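Content type compact mmCIF, C-alpha atoms, from the file data.txt:
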```txt
# COMPACT_ATOMS: atom_id res chain seq x y z
CA MET A 1 85.24 441.69 51.68
CA THR A 2 84.11 444.10 54.39
CA ALA A 3 85.15 443.66 58.00
CA ALA A 4 81.55 442.88 58.96
CA LEU A 5 81.25 440.20 56.26
CA ALA A 6 84.60 438.68 57.26
CA ALA A 7 83.45 438.49 60.86
CA ALA A 8 80.21 436.81 59.80
CA CYS A 9 82.13 434.20 57.80
CA LEU A 10 84.28 433.38 60.83
CA THR A 11 81.61 433.30 63.49
CA GLY A 12 78.68 431.96 61.47
CA PRO A 13 75.04 433.04 61.64
CA ALA A 14 73.55 434.06 64.96
CA LEU A 15 71.46 431.34 66.61
CA ALA A 16 68.13 431.77 68.35
CA GLN A 17 68.44 431.39 72.12
CA ASP A 18 66.56 428.07 72.11
CA ASP A 19 68.99 426.68 69.55
CA LEU A 20 72.09 427.45 71.60
CA PRO A 21 73.91 424.61 73.39
CA ASN A 22 73.55 424.15 77.14
CA VAL A 23 76.83 424.78 78.95
CA SER A 24 77.36 424.38 82.69
CA ILE A 25 80.08 426.44 84.34
CA PHE A 26 81.63 425.16 87.57
CA ALA A 27 83.68 427.89 89.22
CA THR A 28 86.54 427.18 91.62
CA GLY A 29 88.24 430.57 91.84
CA GLY A 30 91.79 431.31 90.74
CA THR A 31 93.31 434.34 89.00
CA ILE A 32 90.39 434.56 86.60
CA ALA A 33 88.31 435.42 89.68
CA GLY A 34 91.09 437.46 91.30
CA SER A 35 91.21 441.16 92.10
CA SER A 36 93.56 443.86 93.31
CA SER A 37 93.31 447.53 94.23
CA SER A 38 95.76 448.32 91.43
CA SER A 39 95.07 447.89 87.71
CA THR A 40 98.76 447.19 87.09
CA ASP A 41 99.12 444.50 89.77
CA THR A 42 99.57 441.08 88.17
CA THR A 43 101.43 439.34 91.01
CA ASN A 44 100.08 440.37 94.44
CA TYR A 45 96.33 440.15 93.85
CA THR A 46 93.92 437.96 95.80
CA SER A 47 92.69 434.85 93.98
CA GLY A 48 89.06 433.82 94.15
CA ASN A 49 87.58 437.19 95.11
CA ILE A 50 84.91 437.23 92.41
CA GLY A 51 81.93 434.87 92.23
CA VAL A 52 80.67 433.04 89.18
CA ASP A 53 77.76 435.47 88.64
CA GLN A 54 80.19 438.40 88.44
CA LEU A 55 82.39 436.48 86.04
CA LEU A 56 79.47 435.86 83.71
CA GLU A 57 78.21 439.44 83.92
CA ALA A 58 81.63 440.69 82.80
CA VAL A 59 81.29 438.83 79.48
CA PRO A 60 77.88 439.70 77.96
CA GLU A 61 78.93 438.02 74.72
CA LEU A 62 78.39 434.66 76.43
CA SER A 63 74.64 434.98 75.87
CA GLY A 64 75.27 434.70 72.15
CA VAL A 65 77.12 431.38 72.26
CA ALA A 66 75.35 429.24 74.88
CA GLN A 67 72.59 428.90 77.41
CA ILE A 68 74.57 428.97 80.61
CA SER A 69 74.14 427.79 84.17
CA GLY A 70 76.75 428.62 86.80
CA GLU A 71 77.66 426.91 90.05
CA GLN A 72 80.27 427.93 92.61
CA VAL A 73 82.04 424.71 93.62
CA ALA A 74 84.86 426.54 95.41
CA ASN A 75 86.43 430.01 95.35
CA THR A 76 90.13 429.86 96.08
CA GLY A 77 93.55 429.83 94.49
CA SER A 78 94.30 426.51 92.87
CA PHE A 79 97.21 426.00 95.26
CA ASN A 80 94.42 425.23 97.75
CA VAL A 81 92.56 422.73 95.54
CA ASP A 82 92.39 419.38 97.29
CA GLN A 83 90.87 415.96 96.71
CA GLN A 84 87.49 417.07 98.10
CA ILE A 85 87.20 419.74 95.41
CA LEU A 86 88.27 417.21 92.79
CA MET A 87 85.61 414.76 93.94
CA ASP A 88 82.96 417.52 94.08
CA LEU A 89 83.81 418.54 90.51
CA HIS A 90 83.65 414.94 89.33
CA THR A 91 80.20 414.51 90.87
CA ALA A 92 78.89 417.82 89.52
CA ILE A 93 80.13 417.12 85.99
CA SER A 94 78.82 413.55 85.95
CA GLU A 95 75.38 414.76 87.06
CA ALA A 96 75.38 417.54 84.48
CA PHE A 97 76.27 415.13 81.68
CA ALA A 98 73.47 412.81 82.78
CA GLY A 99 71.07 415.65 81.97
CA ASP A 100 70.81 417.97 78.99
CA THR A 101 74.20 419.68 79.40
CA ASP A 102 76.16 419.69 76.14
CA GLY A 103 79.49 420.66 77.68
CA VAL A 104 81.06 421.97 80.86
CA VAL A 105 83.57 424.69 81.70
CA ILE A 106 85.63 424.72 84.89
CA THR A 107 87.09 428.09 85.87
CA HIS A 108 90.25 427.33 87.79
CA GLY A 109 93.52 428.76 88.96
CA THR A 110 96.45 427.97 86.69
CA ASP A 111 98.85 426.66 89.35
CA THR A 112 97.28 423.21 89.52
CA MET A 113 94.91 423.39 86.54
CA GLU A 114 96.77 420.61 84.74
CA GLU A 115 96.21 418.25 87.68
CA THR A 116 92.47 418.88 87.88
CA GLY A 117 92.09 418.62 84.11
CA PHE A 118 94.09 415.39 84.03
CA PHE A 119 92.04 413.93 86.89
CA LEU A 120 88.76 414.72 85.12
CA ASP A 121 90.10 413.45 81.81
CA LEU A 122 90.74 410.03 83.36
CA THR A 123 87.57 409.74 85.44
CA VAL A 124 84.62 411.30 83.58
CA ASP A 125 83.17 408.86 81.05
CA SER A 126 81.68 411.07 78.35
CA ASP A 127 82.53 412.37 74.90
CA LYS A 128 81.03 415.76 75.80
CA PRO A 129 83.59 418.57 76.09
CA ILE A 130 85.20 419.34 79.44
CA VAL A 131 87.05 422.66 79.21
CA MET A 132 89.41 423.99 81.85
CA VAL A 133 89.93 427.75 81.74
CA GLY A 134 91.71 430.35 83.79
CA ALA A 135 93.73 433.51 83.45
CA MET A 136 97.25 434.75 84.01
CA ARG A 137 96.10 438.27 84.92
CA PRO A 138 93.44 439.10 87.51
CA ALA A 139 90.09 440.55 86.50
CA THR A 140 91.11 444.04 87.72
CA ALA A 141 94.29 444.24 85.60
CA ILE A 142 94.75 446.23 82.43
CA GLY A 143 94.64 443.67 79.64
CA ALA A 144 92.98 441.01 81.77
CA ASP A 145 92.86 437.79 79.76
CA GLY A 146 90.03 436.14 81.71
CA PRO A 147 87.04 437.45 79.72
CA ILE A 148 88.24 436.30 76.28
CA ASN A 149 89.48 433.00 77.73
CA LEU A 150 86.07 432.39 79.30
CA LEU A 151 84.21 433.24 76.09
CA GLN A 152 86.40 430.85 74.12
CA ALA A 153 86.01 428.10 76.71
CA VAL A 154 82.21 428.33 76.67
CA THR A 155 82.19 428.40 72.87
CA LEU A 156 84.36 425.27 72.77
CA ALA A 157 82.29 423.47 75.42
CA GLY A 158 79.14 423.99 73.36
CA SER A 159 80.66 423.00 70.02
CA GLU A 160 80.28 419.75 68.13
CA GLU A 161 83.96 420.00 67.15
CA GLY A 162 84.97 419.77 70.81
CA ARG A 163 83.35 416.38 71.38
CA GLY A 164 85.42 413.23 71.78
CA ARG A 165 88.66 415.05 72.62
CA GLY A 166 88.79 414.47 76.38
CA ALA A 167 89.32 417.30 78.83
CA MET A 168 90.90 420.39 77.31
CA ILE A 169 92.69 423.52 78.55
CA VAL A 170 91.97 426.88 76.90
CA LEU A 171 94.16 429.94 77.43
CA ASN A 172 95.88 432.47 75.18
CA ASP A 173 93.83 431.44 72.09
CA ARG A 174 95.24 427.91 72.28
CA ILE A 175 93.43 424.60 72.83
CA GLY A 176 95.48 421.96 74.62
CA SER A 177 94.77 418.40 75.72
CA ALA A 178 94.62 418.22 79.51
CA TYR A 179 96.24 414.81 79.17
CA PHE A 180 99.49 416.29 77.84
CA THR A 181 99.43 420.01 78.69
CA THR A 182 101.44 421.44 81.56
CA LYS A 183 102.20 424.89 82.99
CA THR A 184 105.67 425.95 81.82
CA ASP A 185 106.06 429.55 83.01
CA THR A 186 105.08 431.30 86.23
CA LEU A 187 103.54 434.43 84.70
CA ALA A 188 103.57 434.36 80.88
CA LEU A 189 100.26 434.28 78.99
CA ASN A 190 101.46 431.35 76.86
CA THR A 191 102.35 429.26 79.90
CA PHE A 192 100.31 426.13 79.00
CA ARG A 193 102.06 423.90 76.50
CA ALA A 194 102.50 420.30 75.50
CA ILE A 195 106.12 420.53 74.46
CA GLU A 196 106.36 417.23 72.57
CA GLU A 197 102.75 416.71 71.52
CA GLY A 198 101.73 420.26 70.61
CA TYR A 199 98.31 421.91 70.71
CA LEU A 200 95.02 420.43 69.52
CA GLY A 201 94.01 423.71 67.90
CA ARG A 202 93.50 427.43 68.35
CA PHE A 203 90.89 430.18 68.26
CA LEU A 204 90.38 432.77 65.56
CA SER A 205 87.66 435.39 66.11
CA ASN A 206 86.13 433.12 68.75
CA LYS A 207 85.88 430.12 66.45
CA PRO A 208 87.82 426.97 67.39
CA TYR A 209 90.01 425.48 64.68
CA PHE A 210 91.40 421.99 65.27
CA TYR A 211 94.50 420.55 63.65
CA TYR A 212 93.40 416.91 63.94
CA PRO A 213 90.19 414.87 64.18
CA PRO A 214 89.21 413.61 67.66
CA VAL A 215 91.51 410.81 68.81
CA GLU A 216 92.41 409.16 72.12
CA PRO A 217 96.06 409.07 73.28
CA VAL A 218 97.65 405.63 72.99
CA ASN A 219 96.83 403.41 76.00
CA LYS A 220 95.21 406.28 77.90
CA PRO A 221 93.96 404.89 81.23
CA SER A 222 90.49 405.45 82.64
CA PHE A 223 89.15 404.95 86.16
CA ASP A 224 85.62 404.41 87.42
CA ILE A 225 85.45 406.24 90.75
CA SER A 226 81.66 406.23 91.08
CA ASP A 227 82.02 404.12 94.25
CA VAL A 228 85.10 405.91 95.60
CA ASP A 229 84.56 408.22 98.57
CA GLU A 230 88.15 409.14 99.35
CA LEU A 231 91.42 409.15 97.45
CA PRO A 232 94.55 407.68 99.06
CA ARG A 233 97.52 409.83 99.96
CA VAL A 234 100.32 409.82 97.39
CA ASP A 235 103.35 412.04 98.01
CA ILE A 236 106.01 413.42 95.68
CA VAL A 237 109.65 413.33 96.77
CA TYR A 238 112.02 415.69 94.97
CA GLY A 239 115.37 414.47 93.65
CA TYR A 240 118.65 416.36 93.96
CA GLN A 241 122.35 415.65 94.48
CA ASP A 242 122.33 414.94 98.22
CA VAL A 243 118.85 413.46 98.51
CA ASP A 244 118.51 410.56 100.93
CA GLU A 245 115.70 408.42 102.30
CA GLN A 246 114.46 410.87 104.95
CA ALA A 247 111.79 412.58 102.85
CA MET A 248 110.46 409.24 101.62
CA ASN A 249 110.38 407.79 105.12
CA ALA A 250 108.59 410.88 106.42
CA ALA A 251 105.97 410.58 103.67
CA ILE A 252 105.29 406.95 104.53
CA GLU A 253 105.12 407.71 108.25
CA ALA A 254 102.57 410.42 107.42
CA GLY A 255 100.37 407.80 105.71
CA ALA A 256 101.40 407.85 102.06
CA GLU A 257 100.18 404.74 100.24
CA GLY A 258 102.24 405.52 97.16
CA ILE A 259 105.35 407.56 96.33
CA VAL A 260 106.35 409.47 93.21
CA ILE A 261 109.97 410.58 92.93
CA ALA A 262 110.61 413.68 90.84
CA ALA A 263 113.97 412.18 90.01
CA VAL A 264 116.86 413.54 87.96
CA GLY A 265 117.32 412.89 84.26
CA ASN A 266 115.68 409.71 83.03
CA GLY A 267 114.18 408.91 86.44
CA ASN A 268 117.56 408.32 88.07
CA ILE A 269 118.00 408.04 91.83
CA PRO A 270 121.25 407.78 93.86
CA ASP A 271 122.63 404.29 94.46
CA ARG A 272 122.26 404.84 98.21
CA MET A 273 118.47 404.99 97.79
CA ASN A 274 118.04 401.77 95.81
CA GLU A 275 117.76 399.51 98.84
CA VAL A 276 115.36 401.92 100.54
CA VAL A 277 113.08 401.99 97.50
CA GLU A 278 113.20 398.20 97.23
CA ASP A 279 112.14 397.88 100.88
CA VAL A 280 109.25 400.31 100.36
CA ILE A 281 108.03 398.33 97.35
CA ALA A 282 108.41 395.04 99.25
CA ASN A 283 106.03 396.48 101.86
CA GLY A 284 103.37 396.92 99.20
CA ILE A 285 103.83 400.65 98.56
CA PRO A 286 104.33 401.41 94.86
CA VAL A 287 107.11 403.84 93.90
CA VAL A 288 107.04 405.66 90.56
CA ARG A 289 110.14 407.40 89.21
CA SER A 290 109.33 410.49 87.16
CA THR A 291 111.63 413.38 86.24
CA ARG A 292 112.15 416.92 87.45
CA THR A 293 113.29 418.03 83.97
CA GLY A 294 109.82 419.14 82.88
CA ASN A 295 109.71 417.08 79.70
CA GLY A 296 110.58 413.69 78.28
CA ILE A 297 109.88 410.01 78.80
CA VAL A 298 111.10 408.06 81.82
CA THR A 299 111.86 404.49 80.79
CA ALA A 300 111.94 401.43 83.01
CA GLY A 301 115.71 401.57 83.57
CA THR A 302 117.60 399.49 86.11
CA ASP A 303 116.73 401.45 89.27
CA PRO A 304 113.92 400.03 91.42
CA GLY A 305 110.46 401.48 91.01
CA ILE A 306 108.21 402.08 88.02
CA GLY A 307 109.32 404.41 85.25
CA SER A 308 106.61 407.06 84.76
CA GLY A 309 106.64 406.96 80.97
CA VAL A 310 105.17 410.17 79.55
CA TYR A 311 103.85 411.51 82.85
CA ASN A 312 105.41 414.33 84.85
CA PRO A 313 105.46 413.96 88.66
CA GLN A 314 102.14 415.69 89.32
CA LYS A 315 100.32 413.65 86.69
CA ALA A 316 102.03 410.43 87.76
CA ARG A 317 100.69 411.15 91.25
CA ILE A 318 97.12 411.44 89.91
CA ILE A 319 97.37 408.10 88.10
CA LEU A 320 98.89 406.35 91.11
CA MET A 321 96.25 407.82 93.40
CA LEU A 322 93.41 406.67 91.13
CA ALA A 323 94.91 403.21 90.63
CA LEU A 324 95.21 402.72 94.38
CA ALA A 325 91.70 404.06 94.97
CA THR A 326 90.29 401.46 92.60
CA GLY A 327 92.23 398.58 94.16
CA GLN A 328 94.63 397.84 91.31
CA SER A 329 97.61 395.53 91.64
CA MET A 330 101.26 396.49 91.29
CA GLU A 331 101.30 394.91 87.83
CA GLU A 332 98.25 396.89 86.71
CA ILE A 333 99.78 400.09 88.05
CA GLU A 334 103.00 399.46 86.16
CA GLU A 335 101.09 398.89 82.92
CA HIS A 336 99.46 402.33 83.20
CA PHE A 337 102.86 403.95 83.02
CA LEU A 338 104.93 401.75 80.73
CA GLY A 339 101.93 400.88 78.54
CA ALA A 340 101.70 404.53 77.49
CA LEU A 341 105.11 404.38 75.76
```
If you took the structure in this file and wrote it as structure tokens, what would it be?
Amino acid sequence: MTAALAAACLTGPALAQDDLPNVSIFATGGTIAGSSSSSTDTTNYTSGNIGVDQLLEAVPELSGVAQISGEQVANTGSFNVDQQILMDLHTAISEAFAGDTDGVVITHGTDTMEETGFFLDLTVDSDKPIVMVGAMRPATAIGADGPINLLQAVTLAGSEEGRGRGAMIVLNDRIGSAYFTTKTDTLALNTFRAIEEGYLGRFLSNKPYFYYPPVEPVNKPSFDISDVDELPRVDIVYGYQDVDEQAMNAAIEAGAEGIVIAAVGNGNIPDRMNEVVEDVIANGIPVVRSTRTGNGIVTAGTDPGIGSGVYNPQKARIILMLALATGQSMEEIEEHFLGAL
């Protein structure tokens, strides 16, 4: 088999432009849109320097996989992404899916990509693909990974195989579920992983290959935020050997309506904090105990507060924020976490 024939078998026949899927790209900035004066700089570049039109022009192969529209929702590092950007993305995606869009791609910085993807996974009611994509090297770097990541993301967003799988994260040839995937390394190309659950699939010569048929995670929550204008403040308190109640009290004084503790081990907190947490809960403020370990399940345990189940602190915060925004009771909130076990 010749190389040309092998490539044709992998990518399939070329489609006429009118037959290509409609994919909407919503750009928010990040490393994929970053630049530096040095082609070897992969750490001190400026995120969000390049607009969506420039991103698309850098990957001419996109015209062969989809009919594309691009919109600049934001242009910043994802460490600056806030609830307003989340709400703007939710609105833009919902409106796109109400039209003839077959799938959407969100270009995003990797620092908080998992939070945005998780938020959209729980709030956008559609079986059309939502694909989060970014890069670990800026566009100006030798070996920049943004162009191939973007091509793969658009291909996945326009594919039938990508439907019914919830929001996904595409980097480094891998396809991950935004529900489970997290960033595990500061700079490595293979930073996004779901350590326990694994990947959904991978790319080979720009064709997505899935390991499993589409399936929903067990007891995955969903939230209708069509009537929500603002998300409540939920803070994360970090656990360590000498931690006391000061950080939690400061969060509540600042207006937090819910607290997540990135606790030690299996959601453990010091005995000296038990009474404080009980008082916070008695005042109607839910407290969720997650873990700083980076992986594992936090069970109910004997300490006060709700065990986070499968959710790390940043994802537990998203669930708690959405549950509070939709007026759910303490019992309903608890079920979201322990019901996922």
**Nearest to Gly70 (chain A) by atom-to-atom distance, counting only C-alpha atoms, from A:Ser24, A:Asp224, A:Thr31, A:Thr107** =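 Checking each of A:Ser24, A:Asp224, A:Thr31, A:Thr107 against Gly70 (chain A), counting only C-alpha atoms, the winner is A:Ser24.
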**Message:** What's the separation between CA of Ala194 (chain A) and CA of Gly176 (chain A), in Å to one decimal place?
**Reply:** 7.3 Å
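Counting only C-alpha atoms and comparing A:Pro286, A:Gly134, A:Gly265, A:Gly239, the residue that lies closest to Met113 (chain A) is A:Gly134.
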**Request:** Go ahead and compute the interatomic distance for CA of Met330 (chain A) and CA of Ile318 (chain A), in Å to one decimal.
**Result:** 15.6 Å
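Proximity to Asn49 (chain A) at 7 Å, evaluated using only C-alpha atoms and with sequence-adjacent residues fewer than 2 positions away removed, yields Ala33, Gly34, Ser35, Thr46, Ser47 and Gly51 of chain A.
Checking A:Pro232, A:Pro138, A:Gly255, A:Pro213 one by one against Met321 (chain A), counting all atoms listed in the file, you find the shortest gap at A:Pro232.
Among the candidates A:Ile306, A:Ala27, A:Ile333, A:Ala157, the one nearest to Thr76 (chain A) when counting only C-alpha atoms is A:Ala27.
Put simply, CA of Val276 (chain A) is 22.7 Å away from CA of Ile319 (chain A).
Residue neighbourhood of region 116-120 of chain A, excluding near-sequence residues (fewer than 4 positions): Val124, Ala178 and Tyr179 of chain A, at 6 Å, using all atoms listed in the file.
Using only C-alpha atoms, the smallest distance between any of A:Gly301, A:Pro221, A:Gly103, A:Pro270 and Glu245 (chain A) comes from A:Pro270.
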**Prompt:** Nearest to Leu322 (chain A) among A:Gly296, A:Gly162, A:Gly258, A:Pro304, with distances taken over only C-alpha atoms: which residue is it?
**Reply:**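 Of the candidates, the smallest distance to Leu322 (chain A) is held by A:Gly258.
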**Prompt:** Which residues come within 10 Å of region 277-283 of chain A, counting all atoms listed in the file, excluding same-chain residues fewer than 2 positions away, as a PyMOL selection string?
**Reply:** chain A and resi 245+248-249+252+258-259+269+272-275+285-288+303-305+330
Would you compute the box with edges along x, y and z of the file around region 182-200 of chain A, including every atom the file lists for it and 4 Å extra on each side, and give its centre and edge lengths in Å to one decimal, as lines of an AutoDock Vina configuration file?
```
center_x = 100.7
center_y = 425.6
center_z = 77.9
size_x = 19.3
size_y = 25.7
size_z = 24.7
```
**Request:** Determine, counting all atoms listed in the file, every residue of protein, DNA or RNA that lies within 12 Å of (102.6, 401.9, 81.6) in the file coordinates, then give the result as a ChimeraX atom specification.
**Result:** /A:218-221,288,297-300,306-311,316,319-320,323,330-341
Per-residue nearest contacts of region 187-247 of chain A to region 167-172 of chain A (8 Å; all atoms listed in the file) as a tab-separated table:
```
residue	atom	partner	partner_atom	distance
A:Leu189	CA	A:Asn172	CA	6.1
A:Asn190	CA	A:Asn172	CA	5.9
A:Phe192	CA	A:Leu171	CA	7.4
```
Please tabulate, as a tab-separated table, the residues of region 36-84 of chain A that come within 6 Å of region 139-147 of chain A, each with its closest pair of atoms and the distance in Å to one decimal, counting only C-alpha atoms and ordering rows by chain, then residue number upward.
```
residue	atom	partner	partner_atom	distance
A:Ser39	CA	A:Ala141	CA	4.3
A:Thr40	CA	A:Ala141	CA	5.6
A:Val59	CA	A:Pro147	CA	5.9
```
Writing C-alpha atoms and nothing else, produce region 66-112 of chain A as a PDB file, in the first residue's frame.
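The new file result_4.pdb reads:
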```pdb
ATOM      1  CA  ALA A  66     -15.617  21.872   8.295  1.00  0.00           C
ATOM      2  CA  GLN A  67     -17.401  25.061   7.406  1.00  0.00           C
ATOM      3  CA  ILE A  68     -16.221  27.310  10.194  1.00  0.00           C
ATOM      4  CA  SER A  69     -17.411  30.446  11.926  1.00  0.00           C
ATOM      5  CA  GLY A  70     -15.262  32.109  14.567  1.00  0.00           C
ATOM      6  CA  GLU A  71     -16.163  34.378  17.463  1.00  0.00           C
ATOM      7  CA  GLN A  72     -13.853  36.032  19.989  1.00  0.00           C
ATOM      8  CA  VAL A  73     -15.563  35.628  23.360  1.00  0.00           C
ATOM      9  CA  ALA A  74     -12.465  36.678  25.320  1.00  0.00           C
ATOM     10  CA  ASN A  75      -8.708  36.833  24.745  1.00  0.00           C
ATOM     11  CA  THR A  76      -6.793  36.177  27.931  1.00  0.00           C
ATOM     12  CA  GLY A  77      -4.958  33.530  29.898  1.00  0.00           C
ATOM     13  CA  SER A  78      -7.336  31.067  31.469  1.00  0.00           C
ATOM     14  CA  PHE A  79      -6.142  32.123  34.922  1.00  0.00           C
ATOM     15  CA  ASN A  80      -8.301  35.196  34.209  1.00  0.00           C
ATOM     16  CA  VAL A  81     -11.422  33.285  33.146  1.00  0.00           C
ATOM     17  CA  ASP A  82     -14.308  34.203  35.424  1.00  0.00           C
ATOM     18  CA  GLN A  83     -18.002  33.462  35.748  1.00  0.00           C
ATOM     19  CA  GLN A  84     -18.916  36.142  33.196  1.00  0.00           C
ATOM     20  CA  ILE A  85     -16.868  34.383  30.522  1.00  0.00           C
ATOM     21  CA  LEU A  86     -18.421  31.060  31.537  1.00  0.00           C
ATOM     22  CA  MET A  87     -21.917  32.500  31.212  1.00  0.00           C
ATOM     23  CA  ASP A  88     -21.062  34.153  27.871  1.00  0.00           C
ATOM     24  CA  LEU A  89     -19.779  30.830  26.542  1.00  0.00           C
ATOM     25  CA  HIS A  90     -22.891  29.019  27.739  1.00  0.00           C
ATOM     26  CA  THR A  91     -25.125  31.539  25.971  1.00  0.00           C
ATOM     27  CA  ALA A  92     -23.090  31.481  22.759  1.00  0.00           C
ATOM     28  CA  ILE A  93     -23.026  27.679  22.593  1.00  0.00           C
ATOM     29  CA  SER A  94     -26.734  27.320  23.381  1.00  0.00           C
ATOM     30  CA  GLU A  95     -27.592  29.795  20.620  1.00  0.00           C
ATOM     31  CA  ALA A  96     -25.290  28.052  18.155  1.00  0.00           C
ATOM     32  CA  PHE A  97     -26.846  24.662  18.888  1.00  0.00           C
ATOM     33  CA  ALA A  98     -30.316  26.136  18.390  1.00  0.00           C
ATOM     34  CA  GLY A  99     -29.263  26.855  14.798  1.00  0.00           C
ATOM     35  CA  ASP A 100     -27.490  24.736  12.206  1.00  0.00           C
ATOM     36  CA  THR A 101     -24.200  24.297  14.095  1.00  0.00           C
ATOM     37  CA  ASP A 102     -23.140  20.645  14.236  1.00  0.00           C
ATOM     38  CA  GLY A 103     -20.490  21.101  16.911  1.00  0.00           C
ATOM     39  CA  VAL A 104     -18.507  23.743  18.753  1.00  0.00           C
ATOM     40  CA  VAL A 105     -14.847  24.226  19.639  1.00  0.00           C
ATOM     41  CA  ILE A 106     -13.667  26.426  22.500  1.00  0.00           C
ATOM     42  CA  THR A 107     -10.035  27.545  22.309  1.00  0.00           C
ATOM     43  CA  HIS A 108      -8.919  28.030  25.886  1.00  0.00           C
ATOM     44  CA  GLY A 109      -5.914  28.272  28.136  1.00  0.00           C
ATOM     45  CA  THR A 110      -4.998  25.004  29.822  1.00  0.00           C
ATOM     46  CA  ASP A 111      -4.742  26.305  33.402  1.00  0.00           C
ATOM     47  CA  THR A 112      -8.496  26.252  34.014  1.00  0.00           C
TER      48      THR A 112
END
```
